[in-house]
file my_file-v8.csv (CSV, C-alpha atoms and all ligand atoms)
chain,number,residue,atom,x,y,z
B,51,MET,CA,-35.9,-19.2,-4.3
B,52,SER,CA,-36.3,-17.4,-1.0
B,53,HIS,CA,-36.6,-13.6,-1.2
B,54,MET,CA,-35.2,-13.3,2.3
B,55,THR,CA,-31.8,-11.6,2.3
B,56,LYS,CA,-29.2,-12.7,4.9
B,57,GLN,CA,-29.1,-10.0,7.6
B,58,HIS,CA,-25.7,-8.2,7.8
B,59,GLN,CA,-23.8,-9.2,10.9
B,60,PRO,CA,-20.8,-7.1,12.0
B,61,LEU,CA,-17.6,-9.0,12.5
B,62,LEU,CA,-17.5,-8.2,16.2
B,63,GLN,CA,-20.4,-7.0,18.3
B,64,VAL,CA,-19.9,-6.6,22.0
B,65,SER,CA,-22.9,-5.6,24.1
B,66,GLY,CA,-23.2,-4.7,27.8
B,67,LEU,CA,-20.0,-6.5,28.8
B,68,THR,CA,-19.8,-6.0,32.6
B,69,VAL,CA,-17.1,-7.3,34.9
B,70,LYS,CA,-17.2,-7.2,38.7
B,71,LEU,CA,-14.8,-7.9,41.6
B,72,ARG,CA,-15.4,-11.6,42.5
B,73,GLY,CA,-17.3,-12.0,45.7
B,74,PHE,CA,-18.6,-8.4,45.7
B,75,HIS,CA,-22.1,-7.4,44.9
B,76,ASN,CA,-23.0,-5.6,41.7
B,77,ALA,CA,-21.8,-2.2,42.9
B,78,ALA,CA,-18.1,-3.0,42.6
B,79,LEU,CA,-18.0,-3.0,38.8
B,80,VAL,CA,-14.6,-2.8,37.1
B,81,VAL,CA,-16.1,-2.7,33.6
B,82,GLU,CA,-19.7,-1.6,33.0
B,83,ASP,CA,-21.8,-1.9,29.9
B,84,PHE,CA,-18.9,-2.1,27.5
B,85,SER,CA,-20.5,-2.2,24.0
B,86,LEU,CA,-19.1,-1.7,20.5
B,87,ILE,CA,-19.5,-2.8,16.9
B,88,LEU,CA,-16.5,-3.4,14.5
B,89,GLU,CA,-16.7,-4.4,10.9
B,90,ARG,CA,-14.1,-6.6,9.2
B,91,GLY,CA,-10.9,-4.6,8.7
B,92,GLU,CA,-11.8,-1.8,11.1
B,93,SER,CA,-9.5,-0.7,13.9
B,94,LEU,CA,-10.5,0.7,17.2
B,95,GLY,CA,-8.3,2.4,19.8
B,96,LEU,CA,-9.2,2.1,23.5
B,97,ALA,CA,-8.0,5.2,25.4
B,98,GLY,CA,-8.0,6.3,29.0
B,99,GLU,CA,-5.7,6.6,32.0
B,100,SER,CA,-4.4,3.5,33.8
B,101,GLY,CA,-7.1,1.8,35.9
B,102,CYS,CA,-10.0,2.8,33.6
B,103,GLY,CA,-10.8,-0.8,32.6
B,104,LYS,CA,-9.3,-1.0,29.1
B,105,THR,CA,-7.3,-4.1,29.6
B,106,THR,CA,-10.0,-5.8,31.8
B,107,ALA,CA,-12.6,-5.2,29.1
B,108,ALA,CA,-10.3,-6.7,26.5
B,109,LEU,CA,-9.4,-9.7,28.6
B,110,ALA,CA,-13.1,-10.2,29.3
B,111,LEU,CA,-13.6,-10.5,25.5
B,112,MET,CA,-11.0,-13.3,25.5
B,113,ARG,CA,-12.4,-14.9,28.7
B,114,LEU,CA,-9.0,-14.5,30.3
B,115,LEU,CA,-10.0,-12.5,33.4
B,116,SER,CA,-7.8,-12.9,36.5
B,117,PRO,CA,-9.2,-15.0,39.3
B,118,GLY,CA,-10.2,-11.9,41.4
B,119,LEU,CA,-12.6,-10.8,38.6
B,120,GLU,CA,-15.7,-12.3,37.1
B,121,LEU,CA,-18.0,-11.6,34.2
B,122,ALA,CA,-21.3,-10.3,35.5
B,123,ARG,CA,-23.2,-10.1,32.1
B,124,GLY,CA,-22.7,-9.3,28.5
B,125,SER,CA,-22.6,-10.7,25.0
B,126,VAL,CA,-19.8,-11.1,22.4
B,127,ARG,CA,-20.8,-12.0,18.9
B,128,ILE,CA,-18.4,-12.8,16.1
B,129,SER,CA,-20.1,-12.7,12.7
B,130,GLY,CA,-23.4,-13.1,14.6
B,131,GLU,CA,-22.4,-16.1,16.7
B,132,GLU,CA,-22.5,-15.7,20.5
B,133,VAL,CA,-19.2,-16.9,21.9
B,134,LEU,CA,-19.4,-15.9,25.6
B,135,ASP,CA,-21.7,-18.8,26.6
B,136,LEU,CA,-19.6,-21.5,24.8
B,137,ASP,CA,-18.1,-24.1,27.1
B,138,GLU,CA,-14.4,-23.8,27.8
B,139,GLN,CA,-13.4,-26.4,25.2
B,140,ALA,CA,-15.5,-24.8,22.4
B,141,PHE,CA,-14.2,-21.3,23.4
B,142,ASP,CA,-10.6,-22.6,23.0
B,143,ASP,CA,-11.3,-22.7,19.3
B,144,VAL,CA,-12.4,-19.1,19.3
B,145,ARG,CA,-9.4,-17.9,21.4
B,146,TRP,CA,-6.4,-17.5,19.1
B,147,ARG,CA,-8.2,-18.7,16.0
B,148,ARG,CA,-10.8,-15.9,15.9
B,149,LEU,CA,-9.7,-13.5,18.7
B,150,ALA,CA,-6.0,-13.2,19.4
B,151,TYR,CA,-4.2,-11.1,22.0
B,152,VAL,CA,-0.8,-9.4,22.0
B,153,PHE,CA,0.0,-9.1,25.7
B,154,GLN,CA,1.5,-6.1,27.3
B,155,GLY,CA,5.3,-6.3,28.1
B,156,ALA,CA,6.7,-8.7,25.5
B,157,MET,CA,9.5,-9.9,27.7
B,158,ASN,CA,7.2,-11.2,30.4
B,159,ALA,CA,4.8,-12.8,28.0
B,160,PHE,CA,7.5,-15.1,26.5
B,161,ASN,CA,8.9,-18.1,28.3
B,162,PRO,CA,12.5,-17.1,28.9
B,163,VAL,CA,13.9,-20.6,28.5
B,164,ILE,CA,12.3,-21.6,25.2
B,165,THR,CA,13.5,-20.2,21.9
B,166,VAL,CA,11.2,-17.7,20.2
B,167,GLY,CA,10.7,-20.0,17.2
B,168,ASP,CA,9.7,-22.9,19.4
B,169,GLN,CA,7.1,-20.8,21.2
B,170,ILE,CA,5.6,-19.8,17.9
B,171,VAL,CA,5.7,-23.5,16.8
B,172,GLU,CA,3.8,-24.4,20.0
B,173,ALA,CA,1.1,-21.8,19.2
B,174,ILE,CA,0.7,-23.3,15.7
B,175,ARG,CA,1.1,-27.0,16.5
B,176,ARG,CA,-2.5,-27.9,17.2
B,177,ASP,CA,-3.3,-29.1,13.7
B,178,ARG,CA,0.0,-29.2,11.9
B,179,THR,CA,3.0,-31.5,11.9
B,180,LYS,CA,6.1,-30.1,13.6
B,181,ASN,CA,7.9,-29.5,10.3
B,182,MET,CA,4.9,-27.6,8.9
B,183,ALA,CA,4.7,-25.6,12.1
B,184,ARG,CA,8.4,-24.8,11.9
B,185,GLU,CA,8.0,-23.6,8.3
B,186,ARG,CA,5.0,-21.5,9.2
B,187,SER,CA,6.8,-20.1,12.3
B,188,ARG,CA,9.6,-18.9,9.9
B,189,GLU,CA,7.0,-17.4,7.6
B,190,LEU,CA,5.3,-15.6,10.4
B,191,LEU,CA,8.6,-14.2,11.7
B,192,GLU,CA,9.4,-13.0,8.2
B,193,SER,CA,6.0,-11.4,7.9
B,194,VAL,CA,6.7,-9.2,10.9
B,195,GLY,CA,10.1,-8.2,9.6
B,196,ILE,CA,12.4,-10.7,11.5
B,197,ASP,CA,14.8,-13.0,9.6
B,198,GLY,CA,13.1,-16.4,9.9
B,199,HIS,CA,16.5,-18.0,11.0
B,200,ARG,CA,16.4,-15.9,14.2
B,201,GLY,CA,13.7,-18.2,15.6
B,202,GLY,CA,16.5,-20.2,17.3
B,203,ALA,CA,17.2,-17.3,19.6
B,204,TYR,CA,15.9,-16.9,23.1
B,205,PRO,CA,13.7,-13.9,24.1
B,206,HIS,CA,16.5,-12.1,25.9
B,207,GLN,CA,18.6,-12.2,22.8
B,208,PHE,CA,16.0,-10.1,21.0
B,209,SER,CA,15.8,-6.3,21.3
B,210,GLY,CA,12.5,-4.9,22.8
B,211,GLY,CA,11.2,-4.1,19.3
B,212,MET,CA,12.0,-7.6,18.0
B,213,ARG,CA,10.3,-9.2,21.0
B,214,GLN,CA,7.2,-7.1,20.3
B,215,ARG,CA,7.3,-8.1,16.6
B,216,ALA,CA,7.6,-11.8,17.6
B,217,MET,CA,4.7,-11.4,20.0
B,218,ILE,CA,2.6,-10.1,17.1
B,219,ALA,CA,3.8,-13.1,15.0
B,220,MET,CA,2.7,-15.4,17.7
B,221,ALA,CA,-0.8,-13.8,17.9
B,222,LEU,CA,-1.1,-14.3,14.1
B,223,ALA,CA,-0.2,-18.0,14.4
B,224,ALA,CA,-3.8,-19.3,14.0
B,225,ASP,CA,-4.8,-16.6,11.4
B,226,PRO,CA,-7.3,-14.8,13.7
B,227,GLU,CA,-10.0,-12.4,12.5
B,228,VAL,CA,-9.6,-10.0,15.4
B,229,ILE,CA,-6.4,-9.0,17.1
B,230,ILE,CA,-6.2,-7.1,20.4
B,231,ALA,CA,-2.9,-5.4,21.1
B,232,ASP,CA,-2.4,-4.2,24.6
B,233,GLU,CA,-0.1,-1.2,24.8
B,234,PRO,CA,2.1,-2.6,21.9
B,235,THR,CA,4.5,0.4,21.9
B,236,THR,CA,4.9,1.0,25.6
B,237,ALA,CA,8.6,0.9,26.8
B,238,LEU,CA,9.9,1.1,23.2
B,239,ASP,CA,11.9,4.1,21.9
B,240,VAL,CA,10.2,6.5,19.6
B,241,VAL,CA,11.7,5.1,16.4
B,242,VAL,CA,10.8,1.5,17.2
B,243,GLN,CA,7.3,2.6,18.3
B,244,ALA,CA,6.7,4.1,14.9
B,245,GLU,CA,8.0,0.8,13.3
B,246,ILE,CA,5.6,-1.3,15.3
B,247,LEU,CA,2.6,1.0,14.5
B,248,ASP,CA,3.6,0.7,10.8
B,249,LEU,CA,3.7,-3.1,11.1
B,250,LEU,CA,0.2,-3.2,12.7
B,251,ASN,CA,-1.1,-0.9,10.0
B,252,ARG,CA,0.4,-3.1,7.3
B,253,LEU,CA,-0.8,-6.4,8.7
B,254,GLN,CA,-4.3,-4.9,9.2
B,255,LYS,CA,-4.5,-3.9,5.5
B,256,GLU,CA,-2.9,-7.1,4.1
B,257,ARG,CA,-4.9,-9.5,6.2
B,258,GLY,CA,-8.1,-7.6,6.5
B,259,LEU,CA,-7.6,-7.9,10.3
B,260,THR,CA,-10.0,-6.2,12.7
B,261,THR,CA,-7.9,-4.7,15.5
B,262,ILE,CA,-8.4,-3.2,18.9
B,263,MET,CA,-5.4,-1.3,20.2
B,264,ILE,CA,-5.3,-0.4,23.9
B,265,SER,CA,-3.0,2.6,24.4
B,266,HIS,CA,-2.6,5.6,26.6
B,267,ASP,CA,-0.8,7.2,23.6
B,268,LEU,CA,-3.4,9.2,21.7
B,269,ALA,CA,-0.9,9.9,18.8
B,270,ALA,CA,-0.4,6.1,18.4
B,271,ILE,CA,-4.2,5.6,18.2
B,272,ALA,CA,-4.6,8.5,15.8
B,273,SER,CA,-2.0,7.0,13.4
B,274,THR,CA,-3.4,3.5,13.5
B,275,CYS,CA,-7.1,3.4,14.2
B,276,ASP,CA,-10.4,4.3,12.5
B,277,LYS,CA,-12.4,4.6,15.7
B,278,VAL,CA,-11.7,5.4,19.3
B,279,ALA,CA,-13.4,4.6,22.5
B,280,VAL,CA,-12.4,6.6,25.6
B,281,MET,CA,-12.9,4.8,28.9
B,282,TYR,CA,-13.3,6.3,32.3
B,283,ALA,CA,-13.9,4.4,35.5
B,284,GLY,CA,-14.9,1.2,33.7
B,285,ARG,CA,-17.3,2.8,31.2
B,286,ILE,CA,-17.0,4.0,27.6
B,287,ILE,CA,-17.7,7.7,27.9
B,288,GLU,CA,-17.1,8.7,24.3
B,289,ILE,CA,-16.9,6.6,21.1
B,290,GLY,CA,-16.7,7.6,17.5
B,291,ALA,CA,-14.5,8.2,14.5
B,292,VAL,CA,-10.9,9.0,15.5
B,293,GLU,CA,-10.8,12.4,13.8
B,294,LYS,CA,-14.0,13.4,15.5
B,295,VAL,CA,-13.2,12.2,19.1
B,296,LEU,CA,-9.5,13.2,19.1
B,297,GLY,CA,-10.0,16.3,16.9
B,298,GLN,CA,-13.2,17.7,18.5
B,299,PRO,CA,-13.7,15.8,21.7
B,300,CYS,CA,-17.1,16.4,23.3
B,301,HIS,CA,-16.8,14.8,26.8
B,302,PRO,CA,-14.9,16.9,29.4
B,303,TYR,CA,-12.7,13.9,30.1
B,304,SER,CA,-11.8,13.3,26.5
B,305,ARG,CA,-11.0,17.0,26.2
B,306,ALA,CA,-8.8,16.8,29.2
B,307,LEU,CA,-7.0,13.7,27.8
B,308,VAL,CA,-6.3,15.4,24.5
B,309,MET,CA,-5.1,18.6,26.3
B,310,ALA,CA,-2.8,16.4,28.5
B,311,ALA,CA,-1.3,14.5,25.5
B,312,PRO,CA,2.1,15.8,24.4
B,313,GLN,CA,2.1,17.1,20.8
B,314,SER,CA,5.3,16.5,18.8
B,315,ASP,CA,5.9,20.3,18.4
B,316,GLN,CA,4.8,21.2,21.9
B,317,ASP,CA,6.8,22.7,24.7
B,318,PHE,CA,6.6,20.1,27.5
B,319,ARG,CA,5.8,22.9,30.0
B,320,LYS,CA,2.5,23.5,28.2
B,321,ILE,CA,1.1,20.0,28.8
B,322,ASN,CA,-2.0,20.2,31.1
B,323,PRO,CA,-2.1,17.1,33.3
B,324,ILE,CA,-5.6,16.2,34.6
B,325,PRO,CA,-5.8,16.9,38.4
B,326,GLY,CA,-6.8,14.0,40.7
B,327,THR,CA,-7.0,10.3,39.9
B,328,PRO,CA,-9.8,8.0,38.6
B,329,PRO,CA,-11.9,6.4,41.4
B,330,ARG,CA,-11.5,2.8,42.3
B,331,PRO,CA,-14.5,0.5,41.5
B,332,ASP,CA,-15.6,0.5,45.1
B,333,GLU,CA,-15.4,4.3,45.4
B,334,ARG,CA,-17.8,5.2,42.6
B,335,GLY,CA,-21.0,7.0,43.6
B,336,CYS,CA,-24.3,7.1,41.8
B,337,GLY,CA,-23.5,10.1,39.6
B,338,CYS,CA,-21.0,10.8,36.8
B,339,ALA,CA,-17.7,9.1,37.9
B,340,PHE,CA,-15.8,12.1,36.4
B,341,SER,CA,-17.7,14.7,38.5
B,342,PRO,CA,-15.0,15.0,41.3
B,343,ARG,CA,-12.5,16.0,38.6
B,344,CYS,CA,-14.8,17.8,36.2
B,345,PRO,CA,-14.6,21.6,36.1
B,346,PHE,CA,-18.2,21.8,34.8
B,347,ALA,CA,-19.9,19.5,37.3
B,348,ARG,CA,-23.4,20.5,38.6
B,349,ASP,CA,-25.9,18.9,41.0
B,350,ILE,CA,-27.3,16.6,38.3
B,351,CYS,CA,-23.8,15.3,37.5
B,352,ARG,CA,-23.4,14.1,41.1
B,353,ALA,CA,-26.9,12.6,41.3
B,354,GLU,CA,-27.4,10.7,38.1
B,355,GLN,CA,-25.1,8.7,35.8
B,356,PRO,CA,-25.2,10.1,32.3
B,357,PRO,CA,-26.2,7.6,29.6
B,358,LEU,CA,-24.3,7.3,26.4
B,359,ARG,CA,-26.1,9.1,23.6
B,360,MET,CA,-25.5,10.3,20.0
B,361,VAL,CA,-24.5,14.0,20.0
B,362,GLY,CA,-23.0,15.7,16.9
B,363,GLY,CA,-21.4,12.7,15.3
B,364,SER,CA,-20.0,10.8,18.3
B,365,THR,CA,-21.6,9.0,21.2
B,366,VAL,CA,-21.0,10.7,24.5
B,367,ALA,CA,-22.0,10.2,28.2
B,368,CYS,CA,-22.3,13.7,29.7
B,369,HIS,CA,-25.3,15.5,31.0
B,370,LEU,CA,-24.1,18.9,29.8
B,371,VAL,CA,-22.6,18.0,26.4
B,372,GLU,CA,-24.9,20.3,24.4
B,373,GLU,CA,-24.1,23.3,26.6
B,374,LEU,CA,-20.4,22.7,26.6
L,1,LIG,FE1,-18.7,16.8,33.8
L,1,LIG,FE2,-21.2,16.6,34.5
L,1,LIG,FE3,-20.4,15.9,32.0
L,1,LIG,FE4,-19.8,14.4,34.1
L,1,LIG,S1,-21.8,14.7,33.3
L,1,LIG,S2,-18.5,15.0,32.5
L,1,LIG,S3,-19.5,15.9,35.7
L,1,LIG,S4,-20.4,17.9,33.0
call {"tool": "encode", "arguments": {"input": "my_file-v8.csv", "output": "structure tokens", "more": "lines below"}}
Ligand code: SF4
result
Amino acid sequence: MSHMTKQHQPLLQVSGLTVKLRGFHNAALVVEDFSLILERGESLGLAGESGCGKTTAALALMRLLSPGLELARGSVRISGEEVLDLDEQAFDDVRWRRLAYVFQGAMNAFNPVITVGDQIVEAIRRDRTKNMARERSRELLESVGIDGHRGGAYPHQFSGGMRQRAMIAMALAADPEVIIADEPTTALDVVVQAEILDLLNRLQKERGLTTIMISHDLAAIASTCDKVAVMYAGRIIEIGAVEKVLGQPCHPYSRALVMAAPQSDQDFRKINPIPGTPPRPDERGCGCAFSPRCPFARDICRAEQPPLRMVGGSTVACHLVEEL
């Protein structure tokens, strides 16, 4: 018998994922060196202002980039198997069966003229008979808290919260290992937001799902995720355990985000918005992309891009993190 033990492979390992504007040279990067490791059952929140590359990084994982963007380089391994260089037909088996996506804006993601149940049936149909798929569609709707008989309704007949639940049911259709939820609670009222987060938490535990939740809502990430990656100008600038990064953020941008987030018991007048806006991909210079907005910026910040490195329990990209 061989004495070699099988090397542990994380469920999801993303390395150096880089996306650029199509037709531009390497300087116009929308996502740069996006890397992370998630084990089975772990959940990660992707935080940052709009336009920081969160959705683009996630769509790059699914190979669903819009035509104006292209993957420049990177690797995505699921249980050790590289999936980014598979041909489109082989990747079709990965998409939805291994990696599934809950799109932002559940109303627009559904076809308005097909019943919700039939859209879920279509997502399941590949390898089942129509009757089996109908039965499974009912089960899936029940598993997300919708009466299975409501599958005959059209998307506009559902409330916002029910549409979001149905979107999650559709993403679960092929029993994926990883589910990516893009702003799953945006545009829902506070009570329904909490119900959707509970649902995601429950599904994650019951199914051992690995989840990535994109959200600008740090409270939603704190209540749902084990880890958080904060993105700024296309790069991860801090990543670590959620209690560490949101409780004691090290990077000045993560700190500013936490300060800008409303707390439930906070007077709204005390929220500190971050002055300025993130730079566009073609506006970024050679230094730290946050330097124009950072109150601590020095010459080195404007001259050199800080690399990600381990500092006190999280991984941070800031030249001055030790001093701060
Ligand atoms: Fe601020 Fe400099 Fe750190 Fe960038 S590297 S976040 S500019 S202190």
call {"tool": "closest_atom_pairs", "arguments": {"input": "my_file-v8.csv", "of": "chain B", "to": "ligand LIG 1 (chain L)", "cutoff": "9 Å", "atoms": "only C-alpha atoms and all ligand atoms", "output": "JSON lines"}}
result
{"residue": "B:Ile287", "atom": "CA", "partner": "L:LIG1", "partner_atom": "S2", "distance": 8.7}
{"residue": "B:His301", "atom": "CA", "partner": "L:LIG1", "partner_atom": "S2", "distance": 6.0}
{"residue": "B:Pro302", "atom": "CA", "partner": "L:LIG1", "partner_atom": "S2", "distance": 5.1}
{"residue": "B:Tyr303", "atom": "CA", "partner": "L:LIG1", "partner_atom": "S2", "distance": 6.4}
{"residue": "B:Gly337", "atom": "CA", "partner": "L:LIG1", "partner_atom": "FE4", "distance": 7.9}
{"residue": "B:Cys338", "atom": "CA", "partner": "L:LIG1", "partner_atom": "FE4", "distance": 4.7}
{"residue": "B:Ala339", "atom": "CA", "partner": "L:LIG1", "partner_atom": "FE4", "distance": 6.9}
{"residue": "B:Phe340", "atom": "CA", "partner": "L:LIG1", "partner_atom": "FE4", "distance": 5.2}
{"residue": "B:Ser341", "atom": "CA", "partner": "L:LIG1", "partner_atom": "S3", "distance": 3.5}
{"residue": "B:Pro342", "atom": "CA", "partner": "L:LIG1", "partner_atom": "S3", "distance": 7.2}
{"residue": "B:Arg343", "atom": "CA", "partner": "L:LIG1", "partner_atom": "S3", "distance": 7.6}
{"residue": "B:Cys344", "atom": "CA", "partner": "L:LIG1", "partner_atom": "FE1", "distance": 4.7}
{"residue": "B:Pro345", "atom": "CA", "partner": "L:LIG1", "partner_atom": "FE1", "distance": 6.7}
{"residue": "B:Phe346", "atom": "CA", "partner": "L:LIG1", "partner_atom": "S4", "distance": 4.8}
{"residue": "B:Ala347", "atom": "CA", "partner": "L:LIG1", "partner_atom": "S3", "distance": 4.0}
{"residue": "B:Arg348", "atom": "CA", "partner": "L:LIG1", "partner_atom": "FE2", "distance": 6.1}
{"residue": "B:Asp349", "atom": "CA", "partner": "L:LIG1", "partner_atom": "FE2", "distance": 8.3}
{"residue": "B:Ile350", "atom": "CA", "partner": "L:LIG1", "partner_atom": "FE2", "distance": 7.2}
{"residue": "B:Cys351", "atom": "CA", "partner": "L:LIG1", "partner_atom": "FE2", "distance": 4.2}
{"residue": "B:Arg352", "atom": "CA", "partner": "L:LIG1", "partner_atom": "S3", "distance": 6.9}
{"residue": "B:Glu354", "atom": "CA", "partner": "L:LIG1", "partner_atom": "S1", "distance": 8.4}
{"residue": "B:Gln355", "atom": "CA", "partner": "L:LIG1", "partner_atom": "S1", "distance": 7.3}
{"residue": "B:Pro356", "atom": "CA", "partner": "L:LIG1", "partner_atom": "S1", "distance": 5.8}
{"residue": "B:Ala367", "atom": "CA", "partner": "L:LIG1", "partner_atom": "S1", "distance": 6.8}
{"residue": "B:Cys368", "atom": "CA", "partner": "L:LIG1", "partner_atom": "FE3", "distance": 3.7}
{"residue": "B:His369", "atom": "CA", "partner": "L:LIG1", "partner_atom": "S1", "distance": 4.3}
{"residue": "B:Leu370", "atom": "CA", "partner": "L:LIG1", "partner_atom": "S4", "distance": 5.0}
{"residue": "B:Val371", "atom": "CA", "partner": "L:LIG1", "partner_atom": "FE3", "distance": 6.4}
{"residue": "B:Leu374", "atom": "CA", "partner": "L:LIG1", "partner_atom": "S4", "distance": 8.0}
call {"tool": "atom_distance", "arguments": {"input": "my_file-v8.csv", "atom1": "CA of His266 in chain B", "atom2": "CA of Glu99 in chain B"}}
result
6.3 Å
call {"tool": "atom_distance", "arguments": {"input": "my_file-v8.csv", "atom1": "CA of Val241 in chain B", "atom2": "CA of Gly155 in chain B"}}
result
17.5 Å
call {"tool": "closest_atom_pairs", "arguments": {"input": "my_file-v8.csv", "of": "range 149-266 of chain B", "to": "range 114-137 of chain B", "cutoff": "10 Å", "atoms": "all atoms listed in the file", "output": "CSV"}}
result
residue,atom,partner,partner_atom,distance
B:Leu149,CA,B:Ile128,CA,9.1
B:Glu227,CA,B:Ile128,CA,9.1
B:Val228,CA,B:Ile128,CA,9.3
call {"tool": "closest_residue", "arguments": {"input": "my_file-v8.csv", "among": "B:Ala183, B:Leu109, B:Val69, B:Met217", "to": "Val166 in chain B", "atoms": "all atoms listed in the file"}}
result
B:Met217
call {"tool": "residues_near_point", "arguments": {"input": "my_file-v8.csv", "point": "(-11.9, -6.0, 26.7)", "cutoff": "10 Å", "atoms": "only C-alpha atoms", "output": "compact mmCIF listing (two decimals) with C-alpha atoms, in the frame of the given file"}}
result
# COMPACT_ATOMS: atom_id res chain seq x y z
CA VAL B 64 -19.90 -6.60 22.00
CA LEU B 67 -20.00 -6.50 28.80
CA THR B 68 -19.80 -6.00 32.60
CA VAL B 69 -17.10 -7.30 34.90
CA VAL B 81 -16.10 -2.70 33.60
CA PHE B 84 -18.90 -2.10 27.50
CA SER B 85 -20.50 -2.20 24.00
CA LEU B 96 -9.20 2.10 23.50
CA GLY B 103 -10.80 -0.80 32.60
CA LYS B 104 -9.30 -1.00 29.10
CA THR B 105 -7.30 -4.10 29.60
CA THR B 106 -10.00 -5.80 31.80
CA ALA B 107 -12.60 -5.20 29.10
CA ALA B 108 -10.30 -6.70 26.50
CA LEU B 109 -9.40 -9.70 28.60
CA ALA B 110 -13.10 -10.20 29.30
CA LEU B 111 -13.60 -10.50 25.50
CA MET B 112 -11.00 -13.30 25.50
CA ARG B 113 -12.40 -14.90 28.70
CA LEU B 114 -9.00 -14.50 30.30
CA LEU B 115 -10.00 -12.50 33.40
CA ILE B 230 -6.20 -7.10 20.40
CA ASP B 232 -2.40 -4.20 24.60
CA ILE B 262 -8.40 -3.20 18.90
CA ILE B 264 -5.30 -0.40 23.90
call {"tool": "residues_around", "arguments": {"input": "my_file-v8.csv", "residues": "Val240 in chain B", "least_positions_apart": "6", "cutoff": "12 Å", "atoms": "all atoms listed in the file", "output": "list in words"}}
result
Gly211, Ile246, Leu247, Asp267, Ala269, Ala270 and Ser314 of chain B
call {"tool": "closest_residue", "arguments": {"input": "my_file-v8.csv", "among": "B:Arg285, B:Arg145, B:Arg188, B:Arg257", "to": "Ala224 in chain B", "atoms": "only C-alpha atoms"}}
result
B:Arg145
call {"tool": "residues_around", "arguments": {"input": "my_file-v8.csv", "residues": "Arg252 in chain B", "least_positions_apart": "6", "cutoff": "10 Å", "atoms": "only C-alpha atoms", "output": "JSON, numbers by chain"}}
result
{"B": [194, 246, 258, 259, 274]}
call {"tool": "write_last_selection", "arguments": {"input": "my_file-v8.csv", "atoms": "C-alpha atoms", "output": "compact mmCIF listing (two decimals), in the coordinates of the input"}}
result
# COMPACT_ATOMS: atom_id res chain seq x y z
CA VAL B 194 6.70 -9.20 10.90
CA ILE B 246 5.60 -1.30 15.30
CA GLY B 258 -8.10 -7.60 6.50
CA LEU B 259 -7.60 -7.90 10.30
CA THR B 274 -3.40 3.50 13.50
call {"tool": "residues_around", "arguments": {"input": "my_file-v8.csv", "residues": "range 328-336 of chain B", "least_positions_apart": "6", "cutoff": "8 Å", "atoms": "only C-alpha atoms", "output": "list in words"}}
result
Ala77, Ala78, Leu79, Val80, Glu99, Gly101, Cys102, Tyr282, Ala283, Gly284, Arg352, Ala353, Glu354 and Gln355 of chain B
call {"tool": "residues_around", "arguments": {"input": "my_file-v8.csv", "residues": "Gly201 in chain B", "least_positions_apart": "2", "cutoff": "7 Å", "atoms": "all atoms listed in the file", "output": "PyMOL selection string"}}
result
chain B and resi 165-167+198-199+203
call {"tool": "residues_near_point", "arguments": {"input": "my_file-v8.csv", "point": "(-2.2, -3.2, 14.3)", "cutoff": "7 Å", "atoms": "only C-alpha atoms", "output": "ChimeraX atom specification"}}
result
/B:247,249-251,253-254,261,263,274
call {"tool": "residues_around", "arguments": {"input": "my_file-v8.csv", "residues": "Val280 in chain B", "least_positions_apart": "6", "cutoff": "8 Å", "atoms": "all atoms listed in the file", "output": "list in words"}}
result
Leu96, Ala97, Gly98, Ile286, Ile287, Glu288, Ile289 and Ser304 of chain B
call {"tool": "closest_residue", "arguments": {"input": "my_file-v8.csv", "among": "B:Leu94, B:Cys300, B:Ala244, B:Ile218", "to": "Ser265 in chain B", "atoms": "only C-alpha atoms"}}
result
B:Leu94
